[in-house]
file my_file.csv (CSV, C-alpha atoms)
chain,number,residue,atom,x,y,z
A,1,MET,CA,-119.5,65.4,15.8
A,2,LEU,CA,-117.8,63.2,13.2
A,3,LYS,CA,-114.3,63.8,14.6
A,4,ARG,CA,-115.3,62.4,17.9
A,5,ARG,CA,-116.8,59.3,16.3
A,6,ILE,CA,-113.6,58.6,14.4
A,7,PHE,CA,-111.7,58.9,17.5
A,8,LEU,CA,-114.0,56.5,19.3
A,9,LYS,CA,-113.2,54.0,16.6
A,10,ASN,CA,-109.5,54.6,17.0
A,11,THR,CA,-109.7,54.1,20.7
A,12,LEU,CA,-111.1,50.6,20.1
A,13,VAL,CA,-108.0,49.4,18.4
A,14,ALA,CA,-105.6,51.6,20.3
A,15,SER,CA,-104.4,49.5,23.1
A,16,ALA,CA,-105.4,47.6,26.2
A,17,THR,CA,-106.0,50.8,28.1
A,18,GLY,CA,-107.7,52.2,25.0
A,19,ALA,CA,-110.1,49.3,25.0
A,20,VAL,CA,-111.0,49.9,28.6
A,21,LEU,CA,-111.6,53.6,28.0
A,22,SER,CA,-113.6,53.1,24.9
A,23,SER,CA,-116.0,50.7,26.7
A,24,GLY,CA,-116.8,53.6,28.9
A,25,LEU,CA,-117.0,55.9,26.0
A,26,MET,CA,-119.2,53.7,23.9
A,27,THR,CA,-122.0,53.8,26.5
A,28,SER,CA,-121.9,57.5,26.7
A,29,ALA,CA,-121.6,58.0,23.0
A,30,SER,CA,-125.2,59.0,22.7
A,31,ALA,CA,-124.7,61.7,25.3
A,32,LYS,CA,-122.5,63.7,23.0
A,33,GLU,CA,-120.7,66.1,25.3
A,34,GLU,CA,-119.9,63.7,28.1
A,35,ALA,CA,-116.6,62.0,28.2
A,36,PRO,CA,-115.7,61.1,31.8
A,37,ALA,CA,-112.7,58.8,31.1
A,38,MET,CA,-110.9,60.4,28.3
A,39,ASN,CA,-108.2,59.3,25.9
A,40,PRO,CA,-105.6,62.1,26.0
A,41,PHE,CA,-105.3,61.9,22.2
A,42,GLU,CA,-108.9,62.8,22.0
A,43,ALA,CA,-108.9,65.8,24.2
A,44,ASP,CA,-109.5,69.0,22.2
A,45,ASN,CA,-107.7,71.5,24.5
A,46,LEU,CA,-104.4,71.5,26.4
A,47,LYS,CA,-105.9,71.4,29.9
A,48,ASP,CA,-108.1,68.4,29.2
A,49,ALA,CA,-105.3,66.6,27.4
A,50,LEU,CA,-103.0,67.1,30.3
A,51,LYS,CA,-105.7,65.9,32.7
A,52,ALA,CA,-106.5,62.9,30.6
A,53,ALA,CA,-102.8,62.0,30.5
A,54,GLY,CA,-102.7,62.1,34.3
A,55,ILE,CA,-100.6,65.2,34.4
A,56,THR,CA,-102.2,67.2,37.1
A,57,ASP,CA,-99.3,69.2,38.2
A,58,TYR,CA,-96.0,70.1,36.5
A,59,GLU,CA,-93.1,72.3,37.1
A,60,ILE,CA,-91.6,74.5,34.4
A,61,SER,CA,-87.9,73.5,34.3
A,62,ASP,CA,-84.9,74.5,32.2
A,63,ASP,CA,-83.8,70.9,32.4
A,64,VAL,CA,-86.3,70.1,29.8
A,65,VAL,CA,-85.4,71.4,26.4
A,66,VAL,CA,-87.8,71.6,23.5
A,67,HIS,CA,-85.9,72.1,20.3
A,68,ALA,CA,-88.2,73.4,17.5
A,69,PRO,CA,-87.8,76.0,14.8
A,70,SER,CA,-89.1,79.4,15.9
A,71,ILE,CA,-90.6,79.8,12.4
A,72,ALA,CA,-91.9,76.7,10.6
A,73,GLU,CA,-92.5,77.3,7.0
A,74,ASN,CA,-94.5,74.2,6.6
A,75,GLY,CA,-96.8,73.2,9.4
A,76,ALA,CA,-97.2,69.7,8.0
A,77,VAL,CA,-93.7,68.8,8.9
A,78,VAL,CA,-92.2,70.4,12.0
A,79,THR,CA,-89.2,68.6,13.5
A,80,ILE,CA,-89.4,68.7,17.3
A,81,LYS,CA,-86.8,67.4,19.6
A,82,VAL,CA,-87.3,67.0,23.3
A,83,GLU,CA,-84.4,66.5,25.6
A,84,ALA,CA,-84.3,66.2,29.3
A,85,LYS,CA,-81.2,66.8,31.4
A,86,LEU,CA,-82.6,64.7,34.2
A,87,ASP,CA,-82.1,61.2,35.5
A,88,ASN,CA,-84.7,58.4,35.6
A,89,VAL,CA,-87.0,59.8,32.9
A,90,SER,CA,-89.7,57.3,32.2
A,91,GLU,CA,-92.0,59.2,29.8
A,92,MET,CA,-91.8,62.2,27.5
A,93,ALA,CA,-94.9,63.7,26.0
A,94,VAL,CA,-95.2,66.3,23.2
A,95,LEU,CA,-98.2,68.6,23.2
A,96,ILE,CA,-99.0,71.2,20.6
A,97,GLU,CA,-101.4,73.7,22.2
A,98,GLN,CA,-103.3,75.0,19.2
A,99,ASN,CA,-103.8,71.7,17.4
A,100,PRO,CA,-107.3,70.2,17.2
A,101,THR,CA,-106.0,67.6,19.6
A,102,PRO,CA,-103.0,68.9,21.4
A,103,TYR,CA,-101.7,65.6,22.7
A,104,ALA,CA,-99.4,64.6,19.9
A,105,ALA,CA,-97.2,61.8,21.2
A,106,ASN,CA,-96.0,60.0,24.2
A,107,PHE,CA,-92.6,58.3,24.4
A,108,PHE,CA,-91.9,55.7,27.0
A,109,ILE,CA,-88.2,55.7,27.7
A,110,GLY,CA,-87.0,52.2,28.2
A,111,GLU,CA,-84.0,50.9,30.2
A,112,GLY,CA,-80.7,52.3,28.9
A,113,ALA,CA,-82.3,54.9,26.6
A,114,THR,CA,-81.3,58.5,27.0
A,115,PRO,CA,-84.1,61.0,27.5
A,116,PHE,CA,-83.9,62.5,24.0
A,117,VAL,CA,-86.2,62.0,21.2
A,118,THR,CA,-86.7,63.6,17.8
A,119,SER,CA,-89.8,63.3,15.7
A,120,ARG,CA,-91.8,65.3,13.2
A,121,PHE,CA,-95.2,66.7,13.8
A,122,LYS,CA,-98.1,68.5,12.1
A,123,MET,CA,-99.0,71.9,13.4
A,124,GLY,CA,-102.3,73.4,12.4
A,125,LYS,CA,-101.2,76.9,13.3
A,126,THR,CA,-98.8,79.0,15.3
A,127,SER,CA,-98.6,77.5,18.8
A,128,ASP,CA,-96.6,76.8,21.9
A,129,VAL,CA,-95.1,73.3,21.8
A,130,TYR,CA,-94.8,71.7,25.2
A,131,GLY,CA,-92.5,68.9,26.2
A,132,VAL,CA,-93.6,67.2,29.4
A,133,VAL,CA,-91.2,64.8,31.0
A,134,LYS,CA,-92.0,62.3,33.8
A,135,VAL,CA,-89.5,61.6,36.5
A,136,GLY,CA,-90.8,59.2,39.2
A,137,ASP,CA,-94.2,60.7,40.1
A,138,LYS,CA,-93.3,64.2,39.1
A,139,TYR,CA,-93.7,66.1,35.8
A,140,TYR,CA,-91.4,68.7,34.4
A,141,ALA,CA,-92.2,70.7,31.4
A,142,ASN,CA,-91.0,73.4,29.1
A,143,LYS,CA,-92.3,75.0,26.0
A,144,GLN,CA,-91.2,76.6,22.8
A,145,PHE,CA,-93.1,79.0,20.6
A,146,VAL,CA,-93.4,78.0,17.0
A,147,LYS,CA,-94.7,80.3,14.4
A,148,VAL,CA,-96.3,78.5,11.5
A,149,THR,CA,-96.4,80.4,8.3
A,150,LYS,CA,-98.2,77.7,6.3
A,151,GLY,CA,-100.9,75.5,7.9
A,152,GLY,CA,-100.6,71.7,8.3
A,153,CYS,CA,-104.1,71.0,7.3
A,154,GLY,CA,-104.1,71.8,3.6
A,155,GLY,CA,-103.3,75.5,4.1
B,1,MET,CA,-108.7,48.7,1.8
B,2,ALA,CA,-106.3,46.3,0.3
B,3,LYS,CA,-103.1,45.5,2.2
B,4,GLN,CA,-100.6,48.2,1.4
B,5,GLU,CA,-96.8,48.1,1.7
B,6,TYR,CA,-95.4,50.6,4.0
B,7,ARG,CA,-91.7,50.9,3.7
B,8,THR,CA,-89.9,51.0,7.0
B,9,ARG,CA,-86.4,52.2,7.1
B,10,LEU,CA,-84.1,51.8,10.1
B,11,ARG,CA,-80.6,52.8,10.9
B,12,ALA,CA,-78.6,52.4,14.1
B,13,LYS,CA,-75.1,53.6,14.7
B,14,GLU,CA,-72.9,53.3,17.8
B,15,LYS,CA,-70.6,56.0,19.0
B,16,ASP,CA,-68.9,56.1,22.4
B,17,GLY,CA,-71.3,53.6,23.9
B,18,ILE,CA,-74.4,55.4,22.7
B,19,VAL,CA,-76.4,54.0,19.9
B,20,ASN,CA,-78.4,56.4,17.8
B,21,VAL,CA,-81.5,54.8,16.2
B,22,LYS,CA,-83.2,56.5,13.3
B,23,ALA,CA,-86.4,55.2,11.8
B,24,LEU,CA,-88.6,56.3,9.0
B,25,VAL,CA,-91.9,54.8,7.9
B,26,ALA,CA,-93.6,55.7,4.6
B,27,HIS,CA,-97.1,56.1,6.0
B,28,PRO,CA,-99.9,58.6,5.1
B,29,MET,CA,-100.8,59.5,8.7
B,30,ILE,CA,-104.2,60.8,7.9
B,31,THR,CA,-105.7,62.8,10.8
B,32,GLY,CA,-109.4,62.1,10.1
B,33,LEU,CA,-110.0,65.9,9.9
B,34,THR,CA,-109.4,66.4,6.3
B,35,LYS,CA,-112.0,66.1,3.5
B,36,ASP,CA,-111.7,64.7,0.0
B,37,ALA,CA,-112.9,66.5,-3.2
B,38,ASP,CA,-116.5,65.4,-2.5
B,39,GLY,CA,-116.5,66.9,1.0
B,40,LYS,CA,-116.4,63.5,2.6
B,41,ILE,CA,-114.2,63.1,5.6
B,42,ILE,CA,-111.2,60.9,4.9
B,43,PRO,CA,-111.0,58.3,7.7
B,44,ALA,CA,-108.2,58.6,10.1
B,45,HIS,CA,-105.3,56.4,9.4
B,46,PHE,CA,-102.2,56.8,11.4
B,47,ILE,CA,-99.6,54.8,13.4
B,48,ASN,CA,-100.5,54.8,17.0
B,49,GLU,CA,-97.9,52.5,18.5
B,50,VAL,CA,-94.2,52.1,18.0
B,51,ILE,CA,-92.0,49.7,19.9
B,52,VAL,CA,-88.3,49.6,19.5
B,53,THR,CA,-86.3,46.8,21.2
B,54,ALA,CA,-82.6,46.2,21.4
B,55,ASN,CA,-81.6,42.6,22.0
B,56,ASP,CA,-85.3,41.9,22.8
B,57,LYS,CA,-85.4,44.6,25.6
B,58,VAL,CA,-87.7,47.5,25.0
B,59,VAL,CA,-85.8,50.7,24.8
B,60,MET,CA,-88.5,52.9,23.4
B,61,LYS,CA,-92.2,52.7,23.2
B,62,ALA,CA,-94.2,55.5,21.7
B,63,LEU,CA,-97.8,56.3,21.5
B,64,TRP,CA,-98.6,58.6,18.7
B,65,GLY,CA,-101.6,60.7,17.8
B,66,ALA,CA,-102.7,61.9,14.4
B,67,ALA,CA,-100.5,65.0,14.9
B,68,VAL,CA,-97.4,63.1,13.9
B,69,SER,CA,-96.5,64.1,10.4
B,70,LYS,CA,-96.8,62.1,7.3
B,71,ASP,CA,-93.9,59.6,6.7
B,72,PRO,CA,-93.1,59.7,10.4
B,73,TYR,CA,-89.5,59.9,11.6
B,74,ILE,CA,-88.1,59.1,15.0
B,75,SER,CA,-84.6,59.4,16.3
B,76,PHE,CA,-83.4,58.6,19.8
B,77,ASP,CA,-80.3,57.3,21.7
B,78,TYR,CA,-79.8,54.4,24.0
B,79,ALA,CA,-76.7,53.0,25.8
B,80,GLY,CA,-75.7,50.1,23.7
B,81,LYS,CA,-72.9,48.6,21.7
B,82,SER,CA,-72.0,47.6,18.2
B,83,GLY,CA,-73.6,44.2,17.4
B,84,ASP,CA,-76.9,44.8,19.2
B,85,VAL,CA,-80.0,43.7,17.2
B,86,VAL,CA,-82.4,46.6,17.1
B,87,LYS,CA,-86.0,45.8,16.1
B,88,PHE,CA,-88.5,48.5,15.2
B,89,SER,CA,-92.2,47.7,14.9
B,90,TRP,CA,-95.3,49.7,14.5
B,91,THR,CA,-99.1,49.3,14.4
B,92,ASP,CA,-101.6,51.7,13.0
B,93,ASN,CA,-105.2,52.3,13.8
B,94,GLN,CA,-106.3,50.1,10.9
B,95,GLU,CA,-104.3,47.3,12.3
B,96,ASN,CA,-101.6,47.3,9.7
B,97,THR,CA,-98.2,46.6,11.1
B,98,GLY,CA,-94.7,46.9,9.9
B,99,SER,CA,-91.3,46.2,11.2
B,100,ALA,CA,-87.6,46.4,10.4
B,101,ASP,CA,-84.5,45.1,12.2
B,102,ILE,CA,-80.9,45.9,12.0
B,103,THR,CA,-77.6,45.0,13.6
B,104,VAL,CA,-75.9,48.1,15.1
B,105,LYS,CA,-72.8,49.1,13.3

call {"tool": "encode", "arguments": {"input": "my_file.csv", "output": "structure tokens"}}
result
Amino acid sequence: MLKRRIFLKNTLVASATGAVLSSGLMTSASAKEEAPAMNPFEADNLKDALKAAGITDYEISDDVVVHAPSIAENGAVVTIKVEAKLDNVSEMAVLIEQNPTPYAANFFIGEGATPFVTSRFKMGKTSDVYGVVKVGDKYYANKQFVKVTKGGCGG
Amino acid sequence: MAKQEYRTRLRAKEKDGIVNVKALVAHPMITGLTKDADGKIIPAHFINEVIVTANDKVVMKALWGAAVSKDPYISFDYAGKSGDVVKFSWTDNQENTGSADITVK
């Protein structure tokens, strides 16, 4: 699995936590299908990605708003805005369910910053886009369905 | 690969006590899933960490995966004032870095 190998390499340089994770992953690299401590960016489905990111339970809330086009003509550039009408938001994650690796980005909201972020993402195909917001120890999420008419991977 | 220049553009504007920061980096953001003409996988090359500080205080830190689009763009707000020094810096998975700073208008 070449994809996995590349991700392993990425994990090495990713961050301090990445380095810790990869040391565990390197030893199990020969046993291909085993990945006990996972980097969320490496997870290939939504459930694993959420688990790897430590999001075990979340509540669907209207206070989290995912702004995304309902039809994206070009999956290579989809503008996604996540907004939370909540106080004390510490983290905001964007997950794209049908992407090869759903966990797209995580934004740590610093002191004084408002829980609002806009960025552009690639989408392989039509998918639900999840915005997951962390307040204290709890997670709130919402989703938006985005139809992609042209793929993000060369389509 | 030789050291490349990645143009980093940054804008910050204050309105009613809220500073809007917009940043754009000219970066290929290769996922590592695509193949070249010979069928060889193009190695992943993407920005995985972004840190934005205002007056040396971190207001935004972002971890990105390969799903962030080419020439990534980010926009967010923070409570600040005109005259703040906003610094934007990024690191990619091939250890290239870039940064830009600006004084809030």

call {"tool": "atom_distance", "arguments": {"input": "my_file.csv", "atom1": "CA of Phe88 in chain B", "atom2": "CA of Ile102 in chain B"}}
result
8.6 Å

call {"tool": "interface_residues", "arguments": {"input": "my_file.csv", "of": "chain A", "to": "chain B", "cutoff": "7 Å", "atoms": "only C-alpha atoms", "output": "list in words"}}
result
Lys3, Ile6, Asn10, Val13, Ala14, Phe41, Ala76, Val77, Tyr103, Ala104, Ala105, Asn106, Phe107, Phe108, Ile109, Gly110, Glu111, Gly112, Ala113, Thr114, Phe116, Val117, Thr118, Ser119, Arg120, Phe121 and Lys122 of chain A

call {"tool": "atom_distance", "arguments": {"input": "my_file.csv", "atom1": "CA of Thr8 in chain B", "atom2": "CA of Glu83 in chain A"}}
result
24.8 Å

call {"tool": "residues_around", "arguments": {"input": "my_file.csv", "residues": "Asp87 in chain A", "least_positions_apart": "5", "cutoff": "10 Å", "atoms": "all atoms listed in the file", "output": "list in words"}}
result
Thr114, Pro115, Val135 and Gly136 of chain A

call {"tool": "residues_around", "arguments": {"input": "my_file.csv", "residues": "range 138-149 of chain A", "least_positions_apart": "4", "cutoff": "6 Å", "atoms": "only C-alpha atoms", "output": "number ranges by chain"}}
result
A: 58-61, 64, 70-73, 75, 125-134

call {"tool": "atom_distance", "arguments": {"input": "my_file.csv", "atom1": "CA of Lys105 in chain B", "atom2": "CA of Lys13 in chain B"}}
result
5.2 Å

call {"tool": "closest_residue", "arguments": {"input": "my_file.csv", "among": "A:Val66, A:Ala52, A:Val78, A:Leu46", "to": "Met92 in chain A", "atoms": "all atoms listed in the file"}}
result
A:Val66

call {"tool": "decode", "arguments": {"input": "my_file.csv", "residues": "range 9-37 of chain B", "atoms": "N, CA and C atoms", "output": "PDB file, in the first residue's frame"}}
result
ATOM      1  N   ARG B   9       0.811  35.380   0.613  1.00  0.00           N
ATOM      2  CA  ARG B   9       0.165  36.688   0.663  1.00  0.00           C
ATOM      3  C   ARG B   9      -0.740  36.773   1.877  1.00  0.00           C
ATOM      4  N   LEU B  10      -0.736  37.917   2.489  1.00  0.00           N
ATOM      5  CA  LEU B  10      -1.463  38.080   3.734  1.00  0.00           C
ATOM      6  C   LEU B  10      -2.147  39.435   3.759  1.00  0.00           C
ATOM      7  N   ARG B  11      -3.358  39.420   4.258  1.00  0.00           N
ATOM      8  CA  ARG B  11      -4.090  40.664   4.425  1.00  0.00           C
ATOM      9  C   ARG B  11      -4.805  40.657   5.763  1.00  0.00           C
ATOM     10  N   ALA B  12      -4.856  41.779   6.411  1.00  0.00           N
ATOM     11  CA  ALA B  12      -5.577  41.877   7.681  1.00  0.00           C
ATOM     12  C   ALA B  12      -6.221  43.243   7.763  1.00  0.00           C
ATOM     13  N   LYS B  13      -7.498  43.218   8.093  1.00  0.00           N
ATOM     14  CA  LYS B  13      -8.257  44.452   8.111  1.00  0.00           C
ATOM     15  C   LYS B  13      -9.144  44.501   9.349  1.00  0.00           C
ATOM     16  N   GLU B  14      -9.150  45.640  10.001  1.00  0.00           N
ATOM     17  CA  GLU B  14      -9.948  45.760  11.217  1.00  0.00           C
ATOM     18  C   GLU B  14     -11.270  46.460  10.924  1.00  0.00           C
ATOM     19  N   LYS B  15     -12.341  45.960  11.544  1.00  0.00           N
ATOM     20  CA  LYS B  15     -13.627  46.636  11.462  1.00  0.00           C
ATOM     21  C   LYS B  15     -14.383  46.362  12.753  1.00  0.00           C
ATOM     22  N   ASP B  16     -14.783  47.383  13.447  1.00  0.00           N
ATOM     23  CA  ASP B  16     -15.539  47.263  14.698  1.00  0.00           C
ATOM     24  C   ASP B  16     -14.888  46.304  15.701  1.00  0.00           C
ATOM     25  N   GLY B  17     -13.589  46.410  15.857  1.00  0.00           N
ATOM     26  CA  GLY B  17     -12.912  45.589  16.862  1.00  0.00           C
ATOM     27  C   GLY B  17     -12.624  44.158  16.438  1.00  0.00           C
ATOM     28  N   ILE B  18     -13.020  43.815  15.224  1.00  0.00           N
ATOM     29  CA  ILE B  18     -12.757  42.466  14.719  1.00  0.00           C
ATOM     30  C   ILE B  18     -11.781  42.587  13.550  1.00  0.00           C
ATOM     31  N   VAL B  19     -10.723  41.804  13.628  1.00  0.00           N
ATOM     32  CA  VAL B  19      -9.756  41.814  12.536  1.00  0.00           C
ATOM     33  C   VAL B  19      -9.993  40.583  11.672  1.00  0.00           C
ATOM     34  N   ASN B  20     -10.149  40.809  10.409  1.00  0.00           N
ATOM     35  CA  ASN B  20     -10.285  39.695   9.479  1.00  0.00           C
ATOM     36  C   ASN B  20      -8.934  39.455   8.823  1.00  0.00           C
ATOM     37  N   VAL B  21      -8.459  38.224   8.925  1.00  0.00           N
ATOM     38  CA  VAL B  21      -7.169  37.857   8.352  1.00  0.00           C
ATOM     39  C   VAL B  21      -7.421  36.943   7.165  1.00  0.00           C
ATOM     40  N   LYS B  22      -6.777  37.262   6.064  1.00  0.00           N
ATOM     41  CA  LYS B  22      -6.893  36.431   4.869  1.00  0.00           C
ATOM     42  C   LYS B  22      -5.487  36.081   4.418  1.00  0.00           C
ATOM     43  N   ALA B  23      -5.257  34.834   4.124  1.00  0.00           N
ATOM     44  CA  ALA B  23      -3.923  34.444   3.668  1.00  0.00           C
ATOM     45  C   ALA B  23      -4.032  33.474   2.508  1.00  0.00           C
ATOM     46  N   LEU B  24      -3.065  33.581   1.632  1.00  0.00           N
ATOM     47  CA  LEU B  24      -3.037  32.741   0.437  1.00  0.00           C
ATOM     48  C   LEU B  24      -1.592  32.333   0.191  1.00  0.00           C
ATOM     49  N   VAL B  25      -1.356  31.046   0.008  1.00  0.00           N
ATOM     50  CA  VAL B  25      -0.004  30.565  -0.267  1.00  0.00           C
ATOM     51  C   VAL B  25      -0.012  29.889  -1.632  1.00  0.00           C
ATOM     52  N   ALA B  26       0.951  30.225  -2.454  1.00  0.00           N
ATOM     53  CA  ALA B  26       1.079  29.538  -3.744  1.00  0.00           C
ATOM     54  C   ALA B  26       1.839  28.246  -3.480  1.00  0.00           C
ATOM     55  N   HIS B  27       1.099  27.165  -3.366  1.00  0.00           N
ATOM     56  CA  HIS B  27       1.704  25.881  -3.008  1.00  0.00           C
ATOM     57  C   HIS B  27       0.977  24.778  -3.769  1.00  0.00           C
ATOM     58  N   PRO B  28       1.705  23.779  -4.300  1.00  0.00           N
ATOM     59  CA  PRO B  28       1.018  22.772  -5.125  1.00  0.00           C
ATOM     60  C   PRO B  28       0.066  21.865  -4.351  1.00  0.00           C
ATOM     61  N   MET B  29       0.308  21.609  -3.070  1.00  0.00           N
ATOM     62  CA  MET B  29      -0.549  20.737  -2.254  1.00  0.00           C
ATOM     63  C   MET B  29      -0.828  19.392  -2.958  1.00  0.00           C
ATOM     64  N   ILE B  30       0.214  18.637  -3.180  1.00  0.00           N
ATOM     65  CA  ILE B  30       0.068  17.342  -3.853  1.00  0.00           C
ATOM     66  C   ILE B  30      -0.321  16.280  -2.813  1.00  0.00           C
ATOM     67  N   THR B  31      -1.371  15.520  -3.152  1.00  0.00           N
ATOM     68  CA  THR B  31      -1.933  14.597  -2.159  1.00  0.00           C
ATOM     69  C   THR B  31      -1.104  13.329  -1.961  1.00  0.00           C
ATOM     70  N   GLY B  32      -0.326  12.959  -2.974  1.00  0.00           N
ATOM     71  CA  GLY B  32       0.378  11.686  -2.891  1.00  0.00           C
ATOM     72  C   GLY B  32      -0.450  10.548  -3.449  1.00  0.00           C
ATOM     73  N   LEU B  33      -1.596  10.875  -4.021  1.00  0.00           N
ATOM     74  CA  LEU B  33      -2.461   9.840  -4.604  1.00  0.00           C
ATOM     75  C   LEU B  33      -2.439   9.891  -6.127  1.00  0.00           C
ATOM     76  N   THR B  34      -1.945  10.985  -6.663  1.00  0.00           N
ATOM     77  CA  THR B  34      -1.958  11.138  -8.120  1.00  0.00           C
ATOM     78  C   THR B  34      -0.704  10.527  -8.739  1.00  0.00           C
ATOM     79  N   LYS B  35      -0.812  10.222 -10.024  1.00  0.00           N
ATOM     80  CA  LYS B  35       0.312   9.614 -10.727  1.00  0.00           C
ATOM     81  C   LYS B  35       0.752  10.515 -11.867  1.00  0.00           C
ATOM     82  N   ASP B  36       2.032  10.401 -12.205  1.00  0.00           N
ATOM     83  CA  ASP B  36       2.516  11.188 -13.340  1.00  0.00           C
ATOM     84  C   ASP B  36       2.315  10.403 -14.639  1.00  0.00           C
ATOM     85  N   ALA B  37       2.824  10.934 -15.758  1.00  0.00           N
ATOM     86  CA  ALA B  37       2.590  10.327 -17.065  1.00  0.00           C
ATOM     87  C   ALA B  37       3.138   8.906 -17.143  1.00  0.00           C
TER      88      ALA B  37
END
